[in-house]
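Peer 1: I'd like to ask some things about the structure below.
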Amino acid sequence: MSAEVAAAVAQAHRSDWTQVLAATARLTRDLDLAEECTQDAYAQALQAWTRIGIPDRPAAWLTTTARNRARDVLRRESALRRALPLLVAKQSVPGPEGSLDDDRLRLVFTCCHPALSRDAQVALTLRLVCGLSTAEVARAFLVSESTMAARITRAKKKITAARIPYRVPSPEHLAQRVSVVLEVLHLIFTTGHTAPIGAHLARRDLMDSAISLARLLLLLMPTDAEVSALLALLLLIDARADSRLSATGRLQLLSEQDRTRWDSRLIGEGIALLTEALHRRPPTRYAVEAAIAAVHAEAPTWQDTDWAEIVGLYDVLLRLWPSPVVELNRAVAVGLRDGPQAGLDALAPLCAEPALATYGYLSAARADFLRQLHQWTAAADAYQEALTLTDNDVERAFLTERLGAVQACADREDRPQWSRTNDS
């Protein structure tokens, strides 16, 4: 197997996994079988593409291979399959746009069926729709890999036992079903925005998948304010994507980013969608998050950022969607508005929050405020703690650089006074 073939299969997994699995599931109406056949197709590609060359349309090759594998299994086990419950194969009921009978939406709405718990819905979608490993999904939920594996297995069994239909809901049921889908798409995007593990800061495939599905939902539900608000949020964050890394690959914090590289087209589209959403109904979770992103997008420089407005928006968001992560983000905004000591004071209660015990951004935020206060030893300890909780290589490189800088300051401070005098 050549490096070129391995890279092509990896790229196909990033870009085409969802479509291959969804198309196979439409044939099998059995998510376990569809996932097994899709995985087999990718495994076959590693060998076959070495012999025949990389196909012009990798997704089509993989889909055909996976579906052929599924047909073989179904033929061999047809008698048994007739005796087992399958996903109900009813015709999808088209929404306002009859052409939107998209396999990806079928798969998303199946994984997000109300018969499943909310955690199971999100976890199953990340695993099946996005192709994340169980370890990656576990990290997104801040739980152990074994806990997540058991959760995903139970969710798959529930889909089979409950005969959950593989379809997009009818128009009268869309409104009550869409909220969990929006939550799933948001988590998919955030997981891609900063990949939990690996050599790359972001997973562009996950971000593009979330945005693409959000656009499909907006076509399906063009007057739904929350769908508009979520898409606005994703676009406003995505507008900054090209400025997150320097030319040398170093992580660039928001304060360091070249704002001329922000995508003005996406910012304009996002603000227009947010404005439209706010005209339709009072602010909801995604609208407030989008408003926070819009404050950043509209500030010409970091120094011009209206931190008072951002803290106020986080206050609103906490009332609408109480969450330890929102409290953490608010505490950071307080520190940026009122100074590093105020930020540390706001972060202090969160250090005892169980849900943040393995959340590296809490330690990183404390480290940065301690660094600004020249509390070098404490800052070094906090950076070291953040490093132990971070598996993304780009973030680790940034934290390691910061740790080295504060450790050097701590060492100089600990040296005898006469030694420091001789150095000057």
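Simple scheme: letters A, B, ... for chains in structure tokens order, numbers from 1 for residues in each chain, numbers from 1 for ligands in the order shown.
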Excluding Ala380 of chain A and any residue of its chain fewer than 4 positions from it, enumerate the residues within 9 Å of it, using only C-alpha atoms, and give them as a VMD selection string.
Peer 2: chain A and resid 367 370 to 371 375 to 376 384 to 385 402 to 407 410
Peer 1: Considering only C-alpha atoms, return as a ChimeraX atom specification whatever protein or nucleic-acid residues lie within 12 Å of Asp238 of chain A, sequence-local ones (same chain, fewer than 4 positions apart) excluded.
Peer 2: /A:189-190,192-194,202-204,206-208,210-211,231-234,242-244,261-267,269-270,290,293-294,297
Peer 1: For the structure I just gave you, how does DSSP split segment 73-304 of chain A - specifically, which residues are strand (DSSP E or B)? Reply as a ChimeraX atom specification.
Peer 2: /A:197-198,245,251
Peer 1: Would you write out those residues with N, CA and C atoms, as a compact mmCIF listing (two decimals), in the first residue's frame?
Peer 2:
# COMPACT_ATOMS: atom_id res chain seq x y z
N ILE A 197 -8.29 15.27 18.99
CA ILE A 197 -6.96 14.66 18.94
C ILE A 197 -6.42 14.82 17.52
N GLY A 198 -5.11 14.63 17.38
CA GLY A 198 -4.52 14.61 16.05
C GLY A 198 -3.55 15.75 15.80
N LEU A 245 -4.22 29.98 12.20
CA LEU A 245 -2.85 29.50 12.22
C LEU A 245 -1.95 30.52 11.53
N LEU A 251 -0.62 28.23 16.50
CA LEU A 251 -1.96 28.66 16.86
C LEU A 251 -2.00 30.16 17.10
Peer 1: From the options A:Ala70, A:Ala175, A:Ala60, A:Ala352, which residue's atoms come nearest to Cys37 of chain A, counting only C-alpha atoms?
Peer 2: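 Checking each of A:Ala70, A:Ala175, A:Ala60, A:Ala352 against Cys37 of chain A, counting only C-alpha atoms, the winner is A:Ala70.
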Peer 1: Name the residues in contact with Asp119 of chain A at a cut-off of 12 Å, using only C-alpha atoms, excluding same-chain residues fewer than 5 positions from it; report them as an MDAnalysis selection string.
Peer 2: chainID A and resid 111:114 124:126 137:138 140:143 147:148 151:152 154:155 180:181 183:184 187
Peer 1: Give me, as a list in words, all polymer residues having an atom no more than 9 Å from Val325 of chain A, counting only C-alpha atoms and skipping those fewer than 5 positions away in the same chain.
Peer 2: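 My reading of the contact set: Arg330, Ala355, Leu356 and Leu362 of chain A.
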Peer 1: For Glu36 of chain A, which residue among A:Glu172, A:Arg67, A:Ala364, A:Asp103 is the nearest when counting only C-alpha atoms?
Peer 2: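 Checking each candidate against Glu36 of chain A, we get A:Arg67 as the closest.
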Peer 1: Given only C-alpha atoms as the basis, pick out the residue of A:Pro58, A:Pro222, A:Gly268, A:Pro322 nearest to Leu174 of chain A.
Peer 2: A:Pro222
Peer 1: Could you tell me which of A:Ala45, A:Ala379, A:Thr260, A:Thr153 comes closest to Glu298 of chain A if we count only C-alpha atoms?
Peer 2: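 The closest residue to Glu298 of chain A is A:Thr260.
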Peer 1: Tell me which protein, DNA and RNA residues are within 12 Å of Val311 of chain A, counting only C-alpha atoms, leaving out same-chain ones fewer than 5 positions away, and put them as an MDAnalysis selection string.
Peer 2: chainID A and resid 288:289 291:292 295 305:306 316:318 326:338 343 346
Peer 1: Please write the residues from the selection above to a file, keeping C-alpha atoms, as a short mmCIF file (atom, residue, chain, number, x, y, z; two decimals), in the first residue's frame.
Peer 2:
data_model
loop_
_atom_site.label_atom_id
_atom_site.label_comp_id
_atom_site.auth_asym_id
_atom_site.auth_seq_id
_atom_site.Cartn_x
_atom_site.Cartn_y
_atom_site.Cartn_z
CA VAL A 288 -27.31 34.69 21.56
CA GLU A 289 -24.22 32.66 20.68
CA ALA A 291 -24.70 37.58 18.62
CA ILE A 292 -21.50 37.03 20.64
CA VAL A 295 -19.61 41.31 18.29
CA THR A 305 -13.98 44.48 21.25
CA ASP A 306 -16.98 45.42 23.40
CA VAL A 316 -28.50 36.08 28.81
CA LEU A 317 -27.10 32.79 27.48
CA LEU A 318 -26.70 31.40 31.01
CA VAL A 326 -20.85 28.92 29.20
CA GLU A 327 -19.87 29.92 32.76
CA LEU A 328 -16.22 29.38 31.80
CA ASN A 329 -16.54 31.54 28.69
CA ARG A 330 -18.30 34.25 30.69
CA ALA A 331 -15.54 34.19 33.32
CA VAL A 332 -12.92 34.69 30.61
CA ALA A 333 -14.93 37.61 29.19
CA VAL A 334 -15.09 39.13 32.68
CA GLY A 335 -11.31 38.93 32.90
CA LEU A 336 -10.94 40.60 29.53
CA ARG A 337 -13.33 43.35 30.61
CA ASP A 338 -12.16 43.90 34.20
CA GLY A 343 -10.98 36.71 35.57
CA ALA A 346 -14.64 34.36 38.23
#
Peer 1: What does the distance between atom CA of Ala34 of chain A and atom CA of Thr50 of chain A come to in Å, to one decimal place?
Peer 2: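 Distance between the two atoms: 24.5 Å.
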Peer 1: Using only C-alpha atoms, which of the listed residues (A:Thr63, A:Asn392, A:Gln303, A:Thr377) sits closest to Cys409 of chain A?
Peer 2: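 Ranked by minimum distance to Cys409 of chain A, first place goes to A:Thr377.
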Peer 1: Please provide as a compact mmCIF listing (two decimals) with C-alpha atoms, in the first residue's frame all residues within 6 Å of Asp393 of chain A, with the sequence filter that same-chain residues fewer than 2 positions apart are discarded (counting only C-alpha atoms).
Peer 2:
# COMPACT_ATOMS: atom_id res chain seq x y z
CA GLY A 198 -4.52 14.61 16.05
CA ALA A 199 -1.93 16.65 14.23
CA GLU A 395 -2.76 23.28 20.89
CA ARG A 396 -0.09 21.26 22.70
